[in-house]
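**Q** This is the content of structure29.cif (mmCIF, C-alpha atoms; chains and numbers go by the auth columns):
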```cif
data_protein
loop_
_atom_site.group_PDB
_atom_site.id
_atom_site.type_symbol
_atom_site.label_atom_id
_atom_site.label_comp_id
_atom_site.label_asym_id
_atom_site.label_seq_id
_atom_site.Cartn_x
_atom_site.Cartn_y
_atom_site.Cartn_z
_atom_site.B_iso_or_equiv
_atom_site.auth_seq_id
_atom_site.auth_asym_id
ATOM 1 C CA MET A 1 79.749 -119.619 145.206 0.00 1 A
ATOM 2 C CA ALA A 2 81.126 -122.954 143.985 0.00 2 A
ATOM 3 C CA GLY A 3 84.189 -123.344 141.807 0.00 3 A
ATOM 4 C CA ILE A 4 83.566 -126.153 139.310 0.00 4 A
ATOM 5 C CA ARG A 5 86.187 -127.440 136.883 0.00 5 A
ATOM 6 C CA VAL A 6 86.671 -130.480 134.688 0.00 6 A
ATOM 7 C CA GLN A 7 90.217 -130.532 133.361 0.00 7 A
ATOM 8 C CA ALA A 8 93.056 -132.714 132.127 0.00 8 A
ATOM 9 C CA GLU A 9 95.669 -130.769 134.114 0.00 9 A
ATOM 10 C CA ASP A 10 96.675 -131.641 137.667 0.00 10 A
ATOM 11 C CA PHE A 11 95.644 -129.351 140.519 0.00 11 A
ATOM 12 C CA ASP A 12 97.531 -127.901 143.464 0.00 12 A
ATOM 13 C CA VAL A 13 95.598 -128.575 146.673 0.00 13 A
ATOM 14 C CA GLY A 14 97.315 -125.766 148.603 0.00 14 A
ATOM 15 C CA ALA A 15 96.647 -123.223 145.867 0.00 15 A
ATOM 16 C CA GLU A 16 93.003 -124.291 145.670 0.00 16 A
ATOM 17 C CA ILE A 17 92.549 -123.946 149.448 0.00 17 A
ATOM 18 C CA ALA A 18 94.190 -120.513 149.313 0.00 18 A
ATOM 19 C CA ALA A 19 91.836 -119.444 146.511 0.00 19 A
ATOM 20 C CA LEU A 20 88.774 -120.716 148.385 0.00 20 A
ATOM 21 C CA THR A 21 89.677 -118.932 151.613 0.00 21 A
ATOM 22 C CA ALA A 22 91.290 -115.730 150.280 0.00 22 A
ATOM 23 C CA GLY A 23 90.257 -112.736 152.340 0.00 23 A
ATOM 24 C CA ARG A 24 87.820 -114.745 154.502 0.00 24 A
ATOM 25 C CA VAL A 25 87.919 -114.610 158.291 0.00 25 A
ATOM 26 C CA ASP A 26 84.546 -116.301 158.845 0.00 26 A
ATOM 27 C CA ILE A 27 85.734 -119.820 158.004 0.00 27 A
ATOM 28 C CA GLY A 28 86.103 -122.161 160.962 0.00 28 A
ATOM 29 C CA GLY A 29 86.705 -125.379 159.062 0.00 29 A
ATOM 30 C CA ILE A 30 87.744 -126.642 155.649 0.00 30 A
ATOM 31 C CA GLY A 31 86.724 -130.074 154.432 0.00 31 A
ATOM 32 C CA CYS A 32 89.058 -131.651 151.893 0.00 32 A
ATOM 33 C CA PHE A 33 89.009 -134.855 149.876 0.00 33 A
ATOM 34 C CA VAL A 34 91.611 -135.759 147.252 0.00 34 A
ATOM 35 C CA GLY A 35 91.000 -138.897 145.211 0.00 35 A
ATOM 36 C CA THR A 36 93.906 -140.581 143.439 0.00 36 A
ATOM 37 C CA VAL A 37 94.370 -143.369 140.915 0.00 37 A
ATOM 38 C CA ARG A 38 95.305 -146.591 142.652 0.00 38 A
ATOM 39 C CA ASP A 39 96.297 -150.058 141.616 0.00 39 A
ATOM 40 C CA HIS A 40 93.764 -151.926 143.735 0.00 40 A
ATOM 41 C CA GLY A 41 95.576 -155.246 143.401 0.00 41 A
ATOM 42 C CA ALA A 42 92.608 -157.198 142.080 0.00 42 A
ATOM 43 C CA GLY A 43 94.812 -159.654 140.224 0.00 43 A
ATOM 44 C CA ARG A 44 95.848 -157.481 137.284 0.00 44 A
ATOM 45 C CA ARG A 45 98.185 -154.515 137.638 0.00 45 A
ATOM 46 C CA ILE A 46 96.613 -151.214 136.612 0.00 46 A
ATOM 47 C CA THR A 47 98.909 -149.036 134.532 0.00 47 A
ATOM 48 C CA ALA A 48 96.439 -146.193 133.968 0.00 48 A
ATOM 49 C CA MET A 49 92.848 -145.087 134.219 0.00 49 A
ATOM 50 C CA THR A 50 91.127 -143.158 131.463 0.00 50 A
ATOM 51 C CA LEU A 51 88.305 -140.852 132.518 0.00 51 A
ATOM 52 C CA GLU A 52 85.770 -139.497 130.054 0.00 52 A
ATOM 53 C CA HIS A 53 82.868 -137.082 130.440 0.00 53 A
ATOM 54 C CA TYR A 54 80.184 -135.290 128.457 0.00 54 A
ATOM 55 C CA PRO A 55 81.362 -131.631 128.232 0.00 55 A
ATOM 56 C CA GLY A 56 78.775 -129.138 129.376 0.00 56 A
ATOM 57 C CA MET A 57 76.453 -131.726 130.888 0.00 57 A
ATOM 58 C CA THR A 58 79.050 -132.813 133.451 0.00 58 A
ATOM 59 C CA GLU A 59 79.789 -129.283 134.653 0.00 59 A
ATOM 60 C CA GLN A 60 76.060 -128.499 134.916 0.00 60 A
ATOM 61 C CA ALA A 61 75.467 -131.641 136.987 0.00 61 A
ATOM 62 C CA MET A 62 78.389 -130.743 139.260 0.00 62 A
ATOM 63 C CA ALA A 63 77.051 -127.192 139.698 0.00 63 A
ATOM 64 C CA ARG A 64 73.604 -128.532 140.661 0.00 64 A
ATOM 65 C CA ILE A 65 74.998 -130.822 143.349 0.00 65 A
ATOM 66 C CA ALA A 66 77.271 -128.057 144.678 0.00 66 A
ATOM 67 C CA ALA A 67 74.195 -125.816 144.957 0.00 67 A
ATOM 68 C CA GLU A 68 72.421 -128.590 146.870 0.00 68 A
ATOM 69 C CA ALA A 69 75.359 -128.863 149.286 0.00 69 A
ATOM 70 C CA GLU A 70 75.292 -125.094 149.765 0.00 70 A
ATOM 71 C CA ALA A 71 71.549 -125.297 150.534 0.00 71 A
ATOM 72 C CA ARG A 72 72.004 -128.142 153.048 0.00 72 A
ATOM 73 C CA TRP A 73 74.976 -126.750 154.992 0.00 73 A
ATOM 74 C CA PRO A 74 76.175 -123.237 155.912 0.00 74 A
ATOM 75 C CA LEU A 75 79.045 -123.082 153.440 0.00 75 A
ATOM 76 C CA GLN A 76 81.134 -120.056 152.544 0.00 76 A
ATOM 77 C CA GLY A 77 82.120 -121.855 149.363 0.00 77 A
ATOM 78 C CA CYS A 78 83.178 -125.091 147.770 0.00 78 A
ATOM 79 C CA THR A 79 85.479 -126.256 145.030 0.00 79 A
ATOM 80 C CA LEU A 80 84.953 -129.321 142.840 0.00 80 A
ATOM 81 C CA ILE A 81 87.683 -130.298 140.401 0.00 81 A
ATOM 82 C CA HIS A 82 87.562 -133.554 138.440 0.00 82 A
ATOM 83 C CA ARG A 83 90.248 -134.587 136.011 0.00 83 A
ATOM 84 C CA VAL A 84 89.722 -136.372 132.713 0.00 84 A
ATOM 85 C CA GLY A 85 92.025 -138.141 130.302 0.00 85 A
ATOM 86 C CA ARG A 86 94.639 -140.807 130.901 0.00 86 A
ATOM 87 C CA LEU A 87 95.989 -140.838 134.468 0.00 87 A
ATOM 88 C CA GLU A 88 98.617 -143.145 135.962 0.00 88 A
ATOM 89 C CA PRO A 89 98.579 -144.685 139.456 0.00 89 A
ATOM 90 C CA GLY A 90 99.285 -142.041 142.095 0.00 90 A
ATOM 91 C CA ALA A 91 97.845 -139.196 139.999 0.00 91 A
ATOM 92 C CA ASN A 92 95.180 -136.914 141.442 0.00 92 A
ATOM 93 C CA ILE A 93 91.685 -137.513 140.047 0.00 93 A
ATOM 94 C CA VAL A 94 89.313 -135.386 142.089 0.00 94 A
ATOM 95 C CA LEU A 95 89.378 -132.555 144.627 0.00 95 A
ATOM 96 C CA VAL A 96 86.481 -131.564 146.858 0.00 96 A
ATOM 97 C CA LEU A 97 86.897 -128.579 149.174 0.00 97 A
ATOM 98 C CA THR A 98 84.262 -127.014 151.401 0.00 98 A
ATOM 99 C CA ALA A 99 84.539 -124.038 153.729 0.00 99 A
ATOM 100 C CA SER A 100 82.163 -123.327 156.607 0.00 100 A
ATOM 101 C CA PRO A 101 82.072 -121.568 159.962 0.00 101 A
ATOM 102 C CA HIS A 102 81.796 -125.039 161.528 0.00 102 A
ATOM 103 C CA ARG A 103 83.919 -128.144 160.954 0.00 103 A
ATOM 104 C CA HIS A 104 81.000 -130.594 161.005 0.00 104 A
ATOM 105 C CA ALA A 105 79.253 -128.756 158.169 0.00 105 A
ATOM 106 C CA ALA A 106 82.464 -128.662 156.125 0.00 106 A
ATOM 107 C CA LEU A 107 83.180 -132.357 156.676 0.00 107 A
ATOM 108 C CA ASP A 108 79.585 -133.501 156.063 0.00 108 A
ATOM 109 C CA ALA A 109 79.311 -131.410 152.890 0.00 109 A
ATOM 110 C CA THR A 110 82.611 -132.836 151.638 0.00 110 A
ATOM 111 C CA ALA A 111 81.410 -136.404 152.238 0.00 111 A
ATOM 112 C CA PHE A 112 78.104 -135.646 150.516 0.00 112 A
ATOM 113 C CA LEU A 113 79.831 -134.172 147.479 0.00 113 A
ATOM 114 C CA ILE A 114 82.345 -136.986 147.006 0.00 114 A
ATOM 115 C CA ASP A 115 79.662 -139.650 147.475 0.00 115 A
ATOM 116 C CA TRP A 116 77.606 -137.936 144.786 0.00 116 A
ATOM 117 C CA LEU A 117 80.576 -137.510 142.437 0.00 117 A
ATOM 118 C CA LYS A 118 81.470 -141.191 142.872 0.00 118 A
ATOM 119 C CA THR A 119 77.975 -142.473 142.081 0.00 119 A
ATOM 120 C CA LYS A 120 76.003 -139.927 140.058 0.00 120 A
ATOM 121 C CA ALA A 121 78.344 -137.629 138.168 0.00 121 A
ATOM 122 C CA PRO A 122 78.479 -138.292 134.421 0.00 122 A
ATOM 123 C CA PHE A 123 82.038 -139.627 134.265 0.00 123 A
ATOM 124 C CA TRP A 124 83.110 -142.935 132.749 0.00 124 A
ATOM 125 C CA LYS A 125 86.234 -144.729 133.936 0.00 125 A
ATOM 126 C CA LYS A 126 88.241 -147.339 132.076 0.00 126 A
ATOM 127 C CA GLU A 127 91.079 -149.243 133.726 0.00 127 A
ATOM 128 C CA CYS A 128 94.111 -150.080 131.594 0.00 128 A
ATOM 129 C CA PHE A 129 96.085 -153.157 132.654 0.00 129 A
ATOM 130 C CA ALA A 130 99.719 -154.164 132.303 0.00 130 A
ATOM 131 C CA ASP A 131 98.752 -157.008 129.942 0.00 131 A
ATOM 132 C CA GLY A 132 97.310 -154.459 127.477 0.00 132 A
ATOM 133 C CA SER A 133 93.672 -155.207 128.244 0.00 133 A
ATOM 134 C CA GLU A 134 91.128 -152.593 129.316 0.00 134 A
ATOM 135 C CA ALA A 135 87.840 -152.709 131.239 0.00 135 A
ATOM 136 C CA TRP A 136 85.176 -150.132 132.033 0.00 136 A
ATOM 137 C CA VAL A 137 84.646 -149.664 135.770 0.00 137 A
ATOM 138 C CA ASP A 138 81.221 -150.764 136.997 0.00 138 A
ATOM 139 C CA ALA A 139 79.329 -149.071 139.805 0.00 139 A
ATOM 140 C CA ARG A 140 79.997 -150.594 143.221 0.00 140 A
ATOM 141 C CA GLU A 141 77.231 -151.421 145.678 0.00 141 A
ATOM 142 C CA ALA A 142 79.261 -149.988 148.583 0.00 142 A
ATOM 143 C CA ASP A 143 79.468 -146.612 146.800 0.00 143 A
ATOM 144 C CA ASP A 144 75.707 -146.656 146.135 0.00 144 A
ATOM 145 C CA GLN A 145 75.044 -147.430 149.805 0.00 145 A
ATOM 146 C CA ALA A 146 77.284 -144.558 150.900 0.00 146 A
ATOM 147 C CA ALA A 147 75.401 -142.153 148.642 0.00 147 A
ATOM 148 C CA ALA A 148 71.989 -143.480 149.710 0.00 148 A
ATOM 149 C CA ARG A 149 72.438 -142.181 153.240 0.00 149 A
ATOM 150 C CA TRP A 150 72.203 -138.627 151.925 0.00 150 A
ATOM 151 C CA ALA A 151 68.773 -139.238 150.370 0.00 151 A
ATOM 152 C CA ALA A 152 67.527 -140.171 153.836 0.00 152 A
ATOM 153 C CA THR A 153 68.775 -136.848 155.213 0.00 153 A
ATOM 154 C CA ALA A 154 67.493 -134.633 152.394 0.00 154 A
ATOM 155 C CA PRO A 155 65.974 -131.364 153.624 0.00 155 A
#
```
Mind turning the file's structure into structure tokens?

**A**
Amino acid sequence: MAGIRVQAEDFDVGAEIAALTAGRVDIGGIGCFVGTVRDHGAGRRITAMTLEHYPGMTEQAMARIAAEAEARWPLQGCTLIHRVGRLEPGANIVLVLTASPHRHAALDATAFLIDWLKTKAPFWKKECFADGSEAWVDAREADDQAAARWAATAP
């Protein structure tokens, strides 16, 4: 039921919502998260972020977590799109869509999926700075804490 894609190309949020909901009249709520590249202002200006993944393994991991979301909440479907390659500030990185008869299920499933993608998905991010230097992005404790709440609510 889930649409999983890892791609270099940008995505169209409206087109993805239309594809997820086409012909459905049993959807009461759609959860949506769009992540973008930002210059977080930590002293050095970010000019780009490069995202890498392990083809095949990444899509399988994303499919497993989408299946878990579909088992936890009454979803009519979900879409996970994650971009790879070199992306500049303001560019879309990730799209999570969920559709459910109930808004709370759609919103909770969306939060679950993005927390998992942020902390457990096999993607590697490298920030590129205006001075020409680069640095791999380390995991953040706040992201791990956000994801940990879902382990406590596992079925």

**Q** Applied to the shown file, which residues does the PyMOL selection byres ((chain A and resi 101) around 7) return, written as a list of chain:residue names?

**A**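 Output from the PyMOL selection byres ((chain A and resi 101) around 7), applied to this file: A:Asp26, A:Ile27, A:Gly28, A:Gly29, A:Ser100, A:His102, A:Arg103.
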
**Q** Counting only C-alpha atoms, give me one row per residue of stretch 58-104 of chain A with an atom at most 12 Å from an atom of stretch 11-15 of chain A, showing the shortest contact pair and its distance in Å to one decimal, sorted by chain then residue number, as CSV.

**A**
```
residue,atom,partner,partner_atom,distance
A:Thr79,CA,A:Val13,CA,10.5
A:Leu80,CA,A:Phe11,CA,10.9
A:Ile81,CA,A:Phe11,CA,8.0
A:His82,CA,A:Phe11,CA,9.3
A:Arg83,CA,A:Phe11,CA,8.8
A:Ala91,CA,A:Phe11,CA,10.1
A:Asn92,CA,A:Phe11,CA,7.6
A:Ile93,CA,A:Phe11,CA,9.1
A:Val94,CA,A:Phe11,CA,8.9
A:Leu95,CA,A:Val13,CA,7.7
A:Val96,CA,A:Val13,CA,9.6
A:Leu97,CA,A:Val13,CA,9.1
```

**Q** How close does each residue of stretch 23-73 of chain A get to stretch 128-133 of chain A, giving the shortest atom pair and distance in Å to one decimal for every residue with an atom at most 10 Å away, counting only C-alpha atoms, sorted by chain and residue number, as JSON lines?

**A**
```
{"residue": "A:Asp39", "atom": "CA", "partner": "A:Phe129", "partner_atom": "CA", "distance": 9.5}
{"residue": "A:Arg44", "atom": "CA", "partner": "A:Phe129", "partner_atom": "CA", "distance": 6.3}
{"residue": "A:Arg45", "atom": "CA", "partner": "A:Ala130", "partner_atom": "CA", "distance": 5.6}
{"residue": "A:Ile46", "atom": "CA", "partner": "A:Phe129", "partner_atom": "CA", "distance": 4.4}
{"residue": "A:Thr47", "atom": "CA", "partner": "A:Phe129", "partner_atom": "CA", "distance": 5.3}
{"residue": "A:Ala48", "atom": "CA", "partner": "A:Cys128", "partner_atom": "CA", "distance": 5.1}
{"residue": "A:Met49", "atom": "CA", "partner": "A:Cys128", "partner_atom": "CA", "distance": 5.8}
{"residue": "A:Thr50", "atom": "CA", "partner": "A:Cys128", "partner_atom": "CA", "distance": 7.5}
```

**Q** For A:Asp10, which residue out of A:Leu87, A:Ala111, A:Met57, A:Ala71 is the nearest one, using only C-alpha atoms?

**A**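 Answer, going by the shortest atom-to-atom distance: A:Leu87.
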
**Q** Written as an MDAnalysis selection string, which residues does the PyMOL selection byres ((chain A and resi 60) around 12) give for the file shown?

**A** chainID A and resid 2:6 53:59 61:67 80 121:122

**Q** From the list A:Ile114, A:Asp108, A:Gly90, A:Trp124, which residue is nearest A:His40 when using all atoms listed in the file?

**A**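 When distances to A:His40 are compared using all atoms listed in the file, the smallest one comes from A:Gly90.
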
**Q** Please provide the set of residues having any atom within 10 Å of A:Leu107, restricted to all atoms listed in the file, with same-chain residues fewer than 6 positions apart removed, written as a list in words.

**A**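 Here the answer would be Gly29, Ile30, Gly31, Cys32, Phe33, Leu97, Thr98, Ala99, Ser100 and Leu113 of chain A.
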